[in-house]
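Asks: Structure file structure34.txt (compact mmCIF, C-alpha atoms and all ligand atoms) right here:
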# COMPACT_ATOMS: atom_id res chain seq x y z
CA MET T 123 16.19 1.83 12.83
CA LEU T 124 15.54 0.79 16.43
CA ASP T 125 16.54 -2.60 17.87
CA HIS T 126 12.97 -3.77 18.34
CA SER T 127 12.06 -3.27 14.70
CA CYS T 128 10.67 -6.22 12.78
CA GLN T 129 13.42 -8.23 11.15
CA VAL T 130 11.44 -8.76 7.93
CA CYS T 131 10.79 -4.98 7.73
CA ARG T 132 14.56 -4.47 7.97
CA THR T 133 15.12 -6.90 5.11
CA SER T 134 12.37 -5.18 3.10
CA ALA T 135 14.05 -1.78 3.54
CA VAL T 136 17.29 -3.24 2.18
CA ALA T 137 15.33 -4.85 -0.68
CA ASP T 138 13.93 -1.41 -1.64
CA HIS T 139 17.40 -0.05 -2.27
CA GLU T 140 18.47 -3.30 -3.86
CA TYR T 141 15.53 -3.15 -6.26
CA PHE T 142 16.31 0.38 -7.41
CA SER T 143 19.98 -0.31 -7.99
CA ARG T 144 19.19 -3.60 -9.79
CA ALA T 145 16.35 -2.20 -11.91
CA PHE T 146 17.96 1.11 -12.80
CA GLY T 147 21.63 0.53 -12.07
CA GLU T 148 22.48 -1.92 -14.84
CA SER T 149 21.63 -1.09 -18.45
CA ARG T 150 21.22 -4.79 -19.34
CA ARG T 151 18.17 -4.88 -17.05
CA PHE T 152 16.48 -1.80 -18.58
CA ALA T 153 14.35 -3.85 -21.00
CA ALA T 154 12.99 -6.01 -18.16
CA THR T 155 12.46 -2.97 -15.94
CA SER T 156 10.55 -1.04 -18.60
CA GLU T 157 8.39 -4.10 -19.31
CA ALA T 158 7.56 -4.41 -15.59
CA VAL T 159 6.89 -0.67 -15.24
CA ALA T 160 4.65 -0.70 -18.34
CA ASP T 161 2.78 -3.75 -16.99
CA ALA T 162 2.02 -1.91 -13.74
CA LEU T 163 1.58 1.51 -15.39
CA GLY T 164 4.26 2.83 -13.02
CA PHE T 165 5.05 2.38 -9.35
CA CYS T 166 2.92 2.84 -6.23
CA PRO T 167 3.01 6.42 -4.85
CA GLN T 168 5.37 5.36 -2.03
CA HIS T 169 7.95 3.77 -4.32
CA GLY T 170 7.53 6.64 -6.80
CA ALA T 171 8.35 9.08 -4.00
CA ALA T 172 11.27 6.93 -2.85
CA LEU T 173 12.61 6.84 -6.40
CA LEU T 174 12.34 10.61 -6.51
CA SER T 175 15.08 10.79 -3.90
CA GLN T 176 17.44 8.69 -6.09
CA ALA T 177 18.75 11.64 -8.12
CA HIS T 178 21.92 9.70 -8.98
CA LEU T 179 19.73 7.34 -11.07
CA SER T 180 18.02 10.15 -13.04
CA ARG T 181 19.66 9.29 -16.37
CA GLU T 182 18.67 5.65 -16.01
CA ILE T 183 15.10 6.58 -15.00
CA VAL T 184 14.83 8.68 -18.17
CA SER T 185 16.11 5.73 -20.25
CA VAL T 186 13.57 3.35 -18.73
CA PHE T 187 10.61 5.70 -19.23
CA ARG T 188 11.67 6.37 -22.83
CA ALA T 189 11.15 2.63 -23.37
CA VAL T 190 7.94 2.44 -21.30
CA ILE T 191 5.98 4.98 -23.35
CA PRO T 192 6.16 3.20 -26.75
CA ARG T 193 5.01 0.00 -25.03
CA LEU T 194 1.91 1.77 -23.72
CA MET T 195 0.94 3.83 -26.76
CA PRO T 196 -0.88 1.02 -28.61
CA MET T 197 -2.85 0.19 -25.45
CA LEU T 198 -4.19 3.73 -25.42
CA GLU T 199 -5.93 3.22 -28.78
CA GLU T 200 -9.62 3.08 -27.94
CA LYS T 201 -10.25 0.25 -30.41
CA TYR T 202 -8.13 -2.04 -28.20
CA ILE T 203 -9.92 -1.26 -24.92
CA TYR T 204 -11.54 -4.73 -24.70
CA GLU T 205 -8.30 -6.59 -25.56
CA GLU T 206 -7.42 -9.01 -22.78
CA GLN T 207 -3.98 -7.46 -22.20
CA VAL T 208 -5.37 -3.90 -21.92
CA GLN T 209 -8.13 -4.98 -19.53
CA ARG T 210 -5.71 -7.01 -17.41
CA ILE T 211 -3.10 -4.27 -17.10
CA PHE T 212 -5.48 -1.33 -16.68
CA PHE T 213 -7.77 -3.12 -14.26
CA ALA T 214 -4.94 -4.10 -11.89
CA ALA T 215 -2.85 -0.91 -12.27
CA GLY T 216 -4.12 0.67 -9.04
CA ASN T 217 -2.64 -2.15 -6.93
CA ARG T 218 0.47 -3.04 -8.89
CA CYS T 219 4.03 -1.91 -8.36
CA PRO T 220 7.17 -3.76 -9.54
CA ALA T 221 9.15 -2.56 -6.51
CA CYS T 222 6.46 -3.78 -4.07
CA ALA T 223 6.37 -7.12 -5.91
CA TYR T 224 10.15 -7.51 -5.53
CA CYS T 225 10.09 -6.56 -1.80
CA ASN T 226 7.14 -8.89 -1.14
CA ARG T 227 9.03 -11.79 -2.73
CA VAL T 228 12.09 -11.06 -0.57
CA ALA T 229 9.91 -10.76 2.56
CA ALA T 230 8.10 -14.03 1.79
CA ARG T 231 11.44 -15.81 1.36
CA GLN T 232 12.68 -14.57 4.72
CA ALA T 233 9.35 -15.32 6.42
CA GLY T 234 9.62 -18.88 5.07
CA HIS T 235 13.11 -19.21 6.52
CA LEU T 236 11.93 -17.87 9.91
CA ALA T 237 8.96 -20.26 9.84
CA ARG T 238 11.28 -23.24 9.37
CA GLU T 239 13.40 -22.00 12.31
CA PHE T 240 10.30 -21.51 14.48
CA SER T 241 9.06 -25.04 13.86
CA GLY T 242 12.03 -26.37 15.85
CA MET T 243 11.64 -23.94 18.76
CA GLU T 244 9.87 -24.29 22.08
CA GLY T 245 8.66 -21.99 24.87
CA LYS T 246 10.26 -18.60 25.35
CA ALA T 247 12.64 -18.95 22.43
CA GLY T 248 9.59 -19.17 20.14
CA THR T 249 7.95 -16.15 21.76
CA ARG T 250 11.13 -14.11 21.35
CA HIS T 251 11.22 -15.18 17.72
CA LEU T 252 7.63 -13.98 17.18
CA GLU T 253 8.17 -10.70 19.03
CA THR T 254 10.47 -9.58 16.26
CA LEU T 255 7.67 -9.77 13.66
CA CYS T 256 5.29 -6.92 12.89
CA VAL T 257 1.63 -7.85 12.31
CA ALA T 258 1.86 -7.72 8.51
CA HIS T 259 4.94 -9.93 8.41
CA PHE T 260 3.55 -12.28 11.03
CA LYS T 261 0.76 -12.99 8.53
CA THR T 262 3.32 -13.82 5.83
CA PHE T 263 5.25 -15.97 8.33
CA MET T 264 2.11 -17.78 9.52
CA ALA T 265 1.16 -18.77 6.00
CA GLU T 266 4.39 -20.79 5.85
CA LEU T 267 3.63 -22.90 8.96
CA GLU T 268 2.01 -26.34 9.22
CA THR T 269 -1.34 -26.36 11.09
CA PRO T 270 -0.27 -27.48 14.61
CA THR T 271 2.67 -25.07 14.64
CA ARG T 272 0.48 -22.36 13.16
CA LEU T 273 -2.01 -22.73 15.99
CA ALA T 274 0.75 -22.46 18.60
CA ALA T 275 2.19 -19.39 16.84
CA LEU T 276 -1.23 -17.70 16.67
CA LYS T 277 -1.85 -18.20 20.38
CA GLN T 278 1.59 -16.87 21.32
CA TYR T 279 1.24 -13.90 19.00
CA VAL T 280 -2.18 -12.98 20.45
CA ASN T 281 -0.52 -12.87 23.89
CA ILE T 282 2.27 -10.66 22.53
CA LEU T 283 -0.21 -8.19 21.04
CA ASN T 284 -2.40 -8.14 24.15
CA SER T 285 0.56 -7.50 26.43
CA ALA T 286 1.72 -4.65 24.14
CA ALA T 287 -1.80 -3.14 24.33
CA ARG T 288 -1.80 -3.52 28.14
CA ALA T 289 1.59 -1.82 28.39
CA ILE T 290 0.28 1.16 26.43
CA ALA T 291 -2.85 1.36 28.57
CA LYS T 292 -0.66 1.36 31.68
CA ALA T 293 1.66 4.04 30.35
CA HIS T 294 -1.31 5.98 29.05
CA GLN T 295 -3.06 6.46 32.41
CA PRO T 296 -3.65 10.20 32.88
CA GLY T 297 -0.72 11.98 34.48
CA THR T 298 1.72 9.11 34.05
CA ILE T 299 3.31 10.17 30.77
CA PRO T 300 4.83 13.47 29.96
CA ASN T 301 3.68 14.59 26.51
CA GLY T 302 6.04 13.74 23.70
CA ASP T 303 7.52 10.76 25.52
CA LEU T 304 5.53 8.16 23.66
CA LEU T 305 7.65 8.11 20.57
CA GLU T 306 11.00 8.81 22.17
CA GLY T 307 13.11 6.99 24.68
CA GLU T 308 13.86 3.33 25.06
CA SER T 309 11.97 3.14 28.37
CA SER T 310 8.68 3.91 26.64
CA THR T 311 6.49 1.04 25.49
CA CYS T 312 5.02 2.80 22.52
CA PRO T 313 7.87 2.55 19.99
CA ARG T 314 7.92 -1.20 20.50
CA ALA T 315 4.14 -1.47 20.26
CA LEU T 316 4.08 0.81 17.24
CA ALA T 317 6.75 -1.25 15.48
CA GLN T 318 4.76 -4.38 16.31
CA ILE T 319 1.52 -3.14 14.81
CA ALA T 320 2.77 -0.94 11.97
CA GLY T 321 6.25 -2.27 11.15
CA GLU T 322 8.87 0.23 10.08
CA PRO T 323 7.93 3.26 7.97
CA GLY T 324 7.89 2.16 4.34
CA PRO T 325 9.58 3.74 1.32
CA GLY T 326 8.90 7.38 0.55
CA ALA T 327 7.10 7.65 3.89
CA ASP T 328 7.46 11.41 4.04
CA HIS T 329 6.33 12.12 0.52
CA ARG T 330 3.15 13.68 1.87
CA ALA T 331 5.26 16.36 3.50
CA ILE T 332 5.27 17.92 0.02
CA ALA T 333 3.38 21.15 0.56
CA ILE T 334 0.10 20.81 -1.25
CA GLY T 335 -2.07 22.49 1.34
CA ASP T 336 -2.05 25.66 -0.80
CA THR T 337 -3.06 23.73 -3.92
CA LEU T 338 -6.00 22.16 -2.08
CA GLN T 339 -7.17 25.60 -0.98
CA GLN T 340 -6.63 27.05 -4.42
CA TYR T 341 -8.79 24.30 -5.93
CA PRO T 342 -11.45 23.61 -3.31
CA THR T 343 -13.52 21.29 -5.52
CA LEU T 344 -12.98 18.82 -8.34
CA SER T 345 -14.65 21.09 -10.90
CA GLU T 346 -11.85 23.58 -10.20
CA SER T 347 -8.94 21.14 -9.80
CA ILE T 348 -9.80 19.63 -13.19
CA ALA T 349 -7.86 22.59 -14.63
CA HIS T 350 -4.89 22.25 -12.24
CA ALA T 351 -1.72 22.46 -14.30
CA ASN T 352 0.69 20.61 -12.01
CA GLY T 353 -0.98 17.47 -10.79
CA CYS T 354 -3.67 14.85 -11.28
CA PRO T 355 -7.05 16.13 -9.97
CA LEU T 356 -8.01 12.63 -8.76
CA CYS T 357 -4.77 12.35 -6.74
CA LEU T 358 -5.69 15.73 -5.28
CA GLU T 359 -9.18 14.52 -4.31
CA VAL T 360 -7.77 11.41 -2.61
CA GLU T 361 -5.35 13.62 -0.68
CA ARG T 362 -8.23 15.92 0.28
CA ALA T 363 -10.16 12.90 1.63
CA ARG T 364 -7.07 11.71 3.53
CA ARG T 365 -6.69 15.11 5.19
CA ARG T 366 -10.38 15.15 6.06
CA TRP T 367 -9.98 11.73 7.70
CA THR T 368 -6.92 12.84 9.73
CA SER T 369 -8.83 15.84 11.07
CA GLU T 370 -11.89 13.72 11.90
CA ILE T 371 -9.85 11.09 13.71
CA SER T 372 -8.58 13.63 16.24
CA ILE T 373 -12.15 14.70 16.99
CA ALA T 374 -13.32 11.07 17.24
CA ALA T 375 -10.53 10.35 19.74
CA LYS T 376 -11.31 13.41 21.86
CA LEU T 377 -15.00 12.56 22.03
CA ASN T 378 -14.22 8.88 22.45
CA LEU T 379 -16.71 8.11 19.68
CA GLY T 380 -16.72 5.95 16.58
CA ARG T 381 -13.27 4.39 16.97
CA TRP T 382 -14.32 1.54 14.72
CA LEU T 383 -15.26 4.06 12.08
CA PHE T 384 -12.13 6.21 12.21
CA PHE T 385 -9.17 4.42 13.79
CA PRO T 386 -6.85 2.85 11.18
CA ALA T 387 -5.77 -0.78 11.05
CA CYS T 388 -3.17 -0.79 8.25
CA PRO T 389 0.49 0.21 8.77
CA GLY T 390 0.41 3.13 6.29
CA HIS T 391 -2.55 4.84 7.94
CA ILE T 392 -1.26 4.19 11.46
CA ARG T 393 1.94 5.95 10.34
CA ASP T 394 -0.23 8.82 9.06
CA VAL T 395 -1.53 9.24 12.60
CA VAL T 396 2.04 9.21 13.92
CA ARG T 397 2.77 12.14 11.59
CA ILE T 398 -0.05 14.16 13.22
CA GLY T 399 2.28 14.17 16.22
CA ASP T 400 -0.27 13.97 19.08
CA PRO T 401 1.16 11.43 21.59
CA GLU T 402 -2.21 10.72 23.22
CA LEU T 403 -3.80 10.02 19.84
CA ILE T 404 -0.89 7.83 18.75
CA ALA T 405 -1.21 5.76 21.93
CA ALA T 406 -4.99 5.40 21.53
CA VAL T 407 -4.71 4.39 17.87
CA THR T 408 -1.86 1.96 18.51
CA ALA T 409 -3.74 0.29 21.38
CA HIS T 410 -6.92 0.04 19.29
CA ALA T 411 -5.09 -1.46 16.30
CA LEU T 412 -3.35 -3.99 18.60
CA HIS T 413 -6.74 -5.07 19.99
CA VAL T 414 -8.20 -5.40 16.49
CA ALA T 415 -5.25 -7.50 15.28
CA ALA T 416 -5.25 -9.65 18.44
CA GLU T 417 -8.97 -10.35 18.02
CA HIS T 418 -8.46 -11.26 14.36
CA PHE T 419 -5.72 -13.78 15.20
CA ARG T 420 -7.72 -15.13 18.15
CA GLN T 421 -10.63 -15.86 15.80
CA GLN T 422 -8.25 -17.51 13.40
CA ALA T 423 -6.88 -19.75 16.17
CA LEU T 424 -10.45 -20.68 17.16
CA ALA T 425 -11.31 -21.53 13.55
CA LEU T 426 -8.24 -23.79 13.32
CA GLU T 427 -9.20 -25.56 16.55
CA ARG T 428 -12.79 -26.03 15.36
CA ALA T 429 -11.61 -27.46 12.06
CA ASP T 430 -9.34 -29.85 13.93
CA GLU T 431 -12.20 -30.99 16.19
CA LEU T 432 -14.42 -31.46 13.15
CA ARG T 433 -11.79 -33.60 11.47
CA LYS T 434 -11.49 -35.79 14.56
CA GLU T 435 -15.28 -36.15 14.85
CA GLN T 436 -15.58 -37.08 11.19
CA ALA T 437 -12.84 -39.66 11.58
CA MET T 438 -14.55 -41.19 14.63
CA ALA T 439 -18.22 -41.09 13.55
CA PRO T 440 -18.24 -44.03 11.09
CA ILE T 441 -16.78 -46.33 13.74
CA VAL T 442 -19.72 -45.64 16.03
CA ARG T 443 -22.42 -45.80 13.35
CA TRP T 444 -21.22 -48.51 11.07
CA GLY T 445 -18.55 -50.27 13.03
CA ARG T 446 -15.97 -49.65 10.35
CA ARG T 447 -14.12 -46.64 9.11
CA ARG T 448 -15.36 -44.85 6.04
CA ARG T 449 -12.79 -43.37 3.75
CA ARG T 450 -12.37 -39.64 4.27
CA LYS T 451 -14.11 -37.63 1.65
CA GLN T 452 -11.75 -36.17 -0.89
CA SER T 453 -13.49 -32.81 -0.67
CA GLU T 454 -12.89 -32.42 3.05
CA PRO T 455 -11.03 -29.15 3.59
CA SER T 456 -7.67 -29.42 5.32
CA PHE T 457 -7.96 -25.83 6.66
CA PRO T 458 -10.92 -23.69 7.59
CA THR T 459 -11.82 -20.91 5.20
CA PRO T 460 -9.49 -18.04 6.01
CA LEU T 461 -11.07 -15.12 7.80
CA ARG T 462 -11.54 -11.93 5.87
CA PRO T 463 -8.59 -9.58 6.38
CA THR T 464 -9.12 -6.89 8.99
CA ARG T 465 -10.67 -3.88 7.36
CA CYS T 466 -8.96 -0.53 7.76
CA PRO T 467 -11.58 2.26 7.97
CA ALA T 468 -9.13 4.76 6.47
CA CYS T 469 -8.43 2.53 3.43
CA GLU T 470 -12.16 2.05 2.98
CA ARG T 471 -12.90 5.77 3.20
CA LEU T 472 -10.18 6.68 0.72
CA GLY T 473 -11.31 3.92 -1.62
CA VAL T 474 -14.84 5.29 -1.54
CA ALA T 475 -13.56 8.87 -1.99
CA GLN T 476 -11.52 7.78 -5.00
CA GLU T 477 -14.42 5.95 -6.64
CA SER T 478 -16.73 8.86 -6.05
CA ALA T 479 -14.13 11.32 -7.45
CA ILE T 480 -13.78 9.18 -10.61
CA GLY T 481 -17.58 9.14 -10.97
CA SER T 482 -17.78 12.91 -10.47
CA LEU T 483 -14.99 13.50 -12.98
CA LEU T 484 -16.80 11.50 -15.66
CA GLU T 485 -19.96 13.43 -14.87
CA LEU T 486 -18.17 16.80 -15.09
CA LEU T 487 -16.56 15.87 -18.40
CA ARG T 488 -20.01 15.72 -19.98
CA LYS T 489 -19.81 19.51 -20.18
CA GLU T 490 -17.76 20.72 -23.10
CA LYS T 491 -16.43 23.70 -21.15
CA LEU T 492 -14.99 21.41 -18.48
CA ARG T 493 -13.57 19.04 -21.10
CA SER T 494 -11.60 22.00 -22.47
CA ALA T 495 -10.45 22.93 -18.96
CA PHE T 496 -9.38 19.30 -18.43
CA ASN T 497 -7.44 19.31 -21.72
CA ARG T 498 -5.65 22.51 -20.73
CA GLY T 499 -4.80 21.17 -17.25
CA TYR T 500 -2.45 18.38 -16.13
CA GLY T 501 -4.82 15.55 -17.05
CA LEU T 502 -4.61 12.26 -15.14
CA CYS T 503 -1.75 10.22 -13.74
CA MET T 504 -1.52 6.84 -15.48
CA LYS T 505 -3.00 4.89 -12.56
CA HIS T 506 -6.09 7.11 -12.35
CA PHE T 507 -6.38 7.34 -16.10
CA ALA T 508 -6.62 3.52 -16.26
CA GLN T 509 -9.43 3.40 -13.70
CA ALA T 510 -11.43 6.28 -15.19
CA TYR T 511 -10.96 5.02 -18.76
CA LEU T 512 -12.15 1.47 -18.00
CA ILE T 513 -15.42 2.55 -16.39
CA SER T 514 -16.15 5.38 -18.79
CA PRO T 515 -19.03 4.43 -21.12
CA LYS T 516 -18.37 4.32 -24.86
CA GLY T 517 -18.73 7.76 -26.33
CA VAL T 518 -17.25 11.22 -26.46
CA ILE T 519 -15.74 11.19 -22.93
CA ARG T 520 -13.99 7.84 -23.32
CA SER T 521 -12.59 8.83 -26.71
CA MET T 522 -11.43 12.17 -25.29
CA LEU T 523 -9.73 10.49 -22.31
CA ALA T 524 -7.81 8.10 -24.59
CA GLU T 525 -6.78 10.83 -27.01
CA ASP T 526 -5.81 13.22 -24.22
CA GLN T 527 -3.59 10.62 -22.55
CA ARG T 528 -1.99 9.60 -25.87
CA ASN T 529 -1.18 13.24 -26.65
CA ARG T 530 0.30 13.80 -23.21
CA LEU T 531 2.47 10.68 -23.42
CA ALA T 532 3.58 11.58 -26.96
CA ASP T 533 4.63 15.07 -25.80
CA PHE T 534 6.30 13.50 -22.84
CA ALA T 535 8.25 11.07 -25.04
CA LEU T 536 9.55 14.00 -27.12
CA MET T 537 10.54 15.84 -23.96
CA LEU T 538 12.42 12.81 -22.61
CA ASP T 539 14.19 12.39 -25.97
CA GLU T 540 15.26 16.04 -25.86
CA MET T 541 16.42 15.75 -22.31
CA ALA T 542 18.40 12.62 -23.01
CA LYS T 543 20.19 14.58 -25.77
CA VAL T 544 20.69 17.83 -23.92
CA SER T 545 21.76 16.69 -20.52
CA PRO T 546 22.32 12.98 -20.17
CA GLU T 547 23.62 13.47 -16.64
CA ASN T 548 20.50 14.61 -14.85
CA GLY T 549 17.69 14.62 -17.39
CA SER T 550 17.37 18.42 -17.31
CA MET T 551 16.95 20.62 -20.35
CA ALA T 552 18.59 23.91 -21.16
CA GLY T 553 15.39 25.59 -19.89
CA GLY T 554 16.02 24.06 -16.48
CA ILE T 555 13.00 21.70 -16.51
CA VAL T 556 13.91 18.34 -15.04
CA ALA T 557 12.24 15.46 -16.84
CA TRP T 558 12.58 12.47 -14.58
CA PRO T 559 10.55 13.74 -11.58
CA LEU T 560 7.81 14.65 -14.05
CA ALA T 561 7.90 11.12 -15.45
CA LEU T 562 7.62 9.67 -11.95
CA GLN T 563 4.72 11.94 -11.07
CA ARG T 564 2.82 11.04 -14.26
CA PHE T 565 3.31 7.31 -13.67
CA CYS T 566 3.15 7.00 -9.90
CA GLY T 567 0.37 9.37 -9.05
CA PHE T 568 1.76 11.21 -6.04
CA ILE T 569 1.06 14.89 -5.97
ZN ZN T 601 7.61 -6.22 9.45
ZN ZN T 602 5.49 -0.05 -4.40
ZN ZN T 603 -3.85 10.45 -9.99
ZN ZN T 604 -5.50 1.86 5.77
I need this file expressed as structure tokens, please.
Replies:
Amino acid sequence: MLDHSCQVCRTSAVADHEYFSRAFGESRRFAATSEAVADALGFCPQHGAALLSQAHLSREIVSVFRAVIPRLMPMLEEKYIYEEQVQRIFFAAGNRCPACAYCNRVAARQAGHLAREFSGMEGKAGTRHLETLCVAHFKTFMAELETPTRLAALKQYVNILNSAARAIAKAHQPGTIPNGDLLEGESSTCPRALAQIAGEPGPGADHRAIAIGDTLQQYPTLSESIAHANGCPLCLEVERARRRWTSEISIAAKLNLGRWLFFPACPGHIRDVVRIGDPELIAAVTAHALHVAAEHFRQQALALERADELRKEQAMAPIVRWGRRRRRKQSEPSFPTPLRPTRCPACERLGVAQESAIGSLLELLRKEKLRSAFNRGYGLCMKHFAQAYLISPKGVIRSMLAEDQRNRLADFALMLDEMAKVSPENGSMAGGIVAWPLALQRFCGFI
């Protein structure tokens, strides 16, 4: 990791490893781990992919998933669909991950510590302190500050982001940068700017390198991928939408059109653009995202100032009108309403693509022929199952989805039991099938 990387990102990366060795490394924690995994219906795709590289924990992963499945089986009974616990767990499954929760807690603790340090700093020392925070972690840090300090931090951070954007624009003038230099070399401004806006690459960042281009071509539409034997068709559709977005963004950049519609604002999607490998595009996207973030924080600073002025006016007004001070109303807000988080067009597009794929799947499953194809195929990962199941109307499709998922998990439980018996070392059976990556794929949803 480079020197200019965000210090909270560095701590988060350590926390990732720490989480895996805590959750899977000590058998006394297995019960708590399986409860947390069952509550989230798995991990996020990134942590699932990161866990996939922890082959030394395979036996422990098998043990945990052997305990997760019996916890979930009763929830897959259709008669319990409206139970509070089932609704709560299934509804939130798409956004929950026990590893993310652990890392976020660690990051918030460190951000709190840094905020306390910052409160005692002045001038350049404070700016240097803020320069080491990526945008996402600056938000966590800012939430820990008292209002006057928060306002000062916001103003300084806006300057930091604007000067990073200016540095890119300067380096990006035609003919001034040799291609390929943007991501390499300490003299370049882009690695610093990129780390500022996107933080460090998260866990399992390269999981998309898994070659699925052939699968997407083999199953060009959902009605075909419904029968895919090796992966969730909804995961496949989201990946198809992501690839469509990455091809459109290059065109949008070349034509200098629709940046607000295509250019990403969240770290994960900015990193997706980095993986495309076009230095000009990376510079344009980084500069755009810096401007967007700077504007967001500038608005937040303005809102804080306005609220402060309002408070002062309210405190003064009674003296003028009535000659004596009225007591402040209890309902008076101490902070302005927080601004809506910056929207990331890529997140929005993929969210829409996912919702539309779920809708199309439920529509396709009305045909008996396609229901049979679905039953013969891979079925759904747990995260997508939860979303499709909850919105499916009562009837033959909902019952089929619940039964299909129960059968798959029951088969899976038998397979894990066999594997635990046959080869406790790596979770592989005599036939050479390895169980634990299959478990991760079923529960984490990556392709
Ligand atoms: Zn960070
Ligand atoms: Zn996660
Ligand atoms: Zn899926
Ligand atoms: Zn995004």
Asks: Residues near T:Thr368, anyone? I mean within 12 Å using only C-alpha atoms, not counting same-chain ones fewer than 6 positions away, as a PyMOL selection string.
Replies: chain T and resi 361-362+374-375+384-386+391-400+403-404+407+467-468+471-472
Asks: Out of T:Thr464, T:Thr254, T:Ser494, T:Gln476, which residue has the shortest atom-to-atom distance to ligand ZN 603 (chain T) when counting all atoms listed in the file?
Replies: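 Closest to ligand ZN 603 (chain T), using all atoms listed in the file: T:Gln476.
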Asks: Which of these, T:Asp138, T:Glu470, T:Glu346, T:Glu417, has the shortest distance to ligand ZN 604 (chain T) once you count only C-alpha atoms and all ligand atoms?
Replies: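 Residue with the minimum atom-to-atom distance to ligand ZN 604 (chain T): T:Glu470.
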Asks: Can I get the residues of stretch 483-523 of chain T within 9 Å of stretch 211-217 of chain T, each with the closest pair of atoms and their distance in Å to one decimal, using all atoms listed in the file, sorted chain first then ascending number, as JSON lines?
Replies:
{"residue": "T:Met504", "atom": "CA", "partner": "T:Ala215", "partner_atom": "CA", "distance": 8.5}
{"residue": "T:Lys505", "atom": "CA", "partner": "T:Gly216", "partner_atom": "CA", "distance": 5.6}
{"residue": "T:His506", "atom": "CA", "partner": "T:Gly216", "partner_atom": "CA", "distance": 7.5}
{"residue": "T:Phe507", "atom": "CA", "partner": "T:Phe212", "partner_atom": "CA", "distance": 8.7}
{"residue": "T:Ala508", "atom": "CA", "partner": "T:Phe212", "partner_atom": "CA", "distance": 5.0}
{"residue": "T:Gln509", "atom": "CA", "partner": "T:Phe213", "partner_atom": "CA", "distance": 6.8}
{"residue": "T:Tyr511", "atom": "CA", "partner": "T:Phe212", "partner_atom": "CA", "distance": 8.6}
{"residue": "T:Leu512", "atom": "CA", "partner": "T:Phe212", "partner_atom": "CA", "distance": 7.4}
Asks: Any idea what the distance is between atom CA of T:Ala317 and atom CA of T:Cys128?
Replies: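 Atom CA of T:Cys128 lies 6.9 Å from atom CA of T:Ala317.
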Asks: Sort by chain and increasing residue number a table of all residues of chain T within 7 Å of ligand ZN 601 (chain T), each with its closest pair of atoms and their distance in Å to one decimal, counting only C-alpha atoms and all ligand atoms, and write it as a Markdown table.
Replies:
| residue | atom | partner | partner_atom | distance |
| --- | --- | --- | --- | --- |
| T:Cys128 | CA | T:ZN601 | ZN | 4.5 |
| T:Gln129 | CA | T:ZN601 | ZN | 6.4 |
| T:Val130 | CA | T:ZN601 | ZN | 4.8 |
| T:Cys131 | CA | T:ZN601 | ZN | 3.8 |
| T:Leu255 | CA | T:ZN601 | ZN | 5.5 |
| T:Cys256 | CA | T:ZN601 | ZN | 4.2 |
| T:Val257 | CA | T:ZN601 | ZN | 6.8 |
| T:Ala258 | CA | T:ZN601 | ZN | 6.0 |
| T:His259 | CA | T:ZN601 | ZN | 4.7 |
| T:Gly321 | CA | T:ZN601 | ZN | 4.5 |
| T:Glu322 | CA | T:ZN601 | ZN | 6.6 |
Asks: Extract, using only C-alpha atoms, all DNA, RNA and protein residues at most 9 Å from T:Ile183, discarding same-chain residues fewer than 4 positions from it, and format them as a ChimeraX atom specification.
Replies: /T:146,173,179,187-188,549,558,561-562
Asks: Could you jot down the atom CA of T:Asp336 to atom CA of T:Arg488 separation for me, Å, one decimal place?
Replies: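 If I compute the distance from atom CA of T:Asp336 to atom CA of T:Arg488, I get 28.1 Å.
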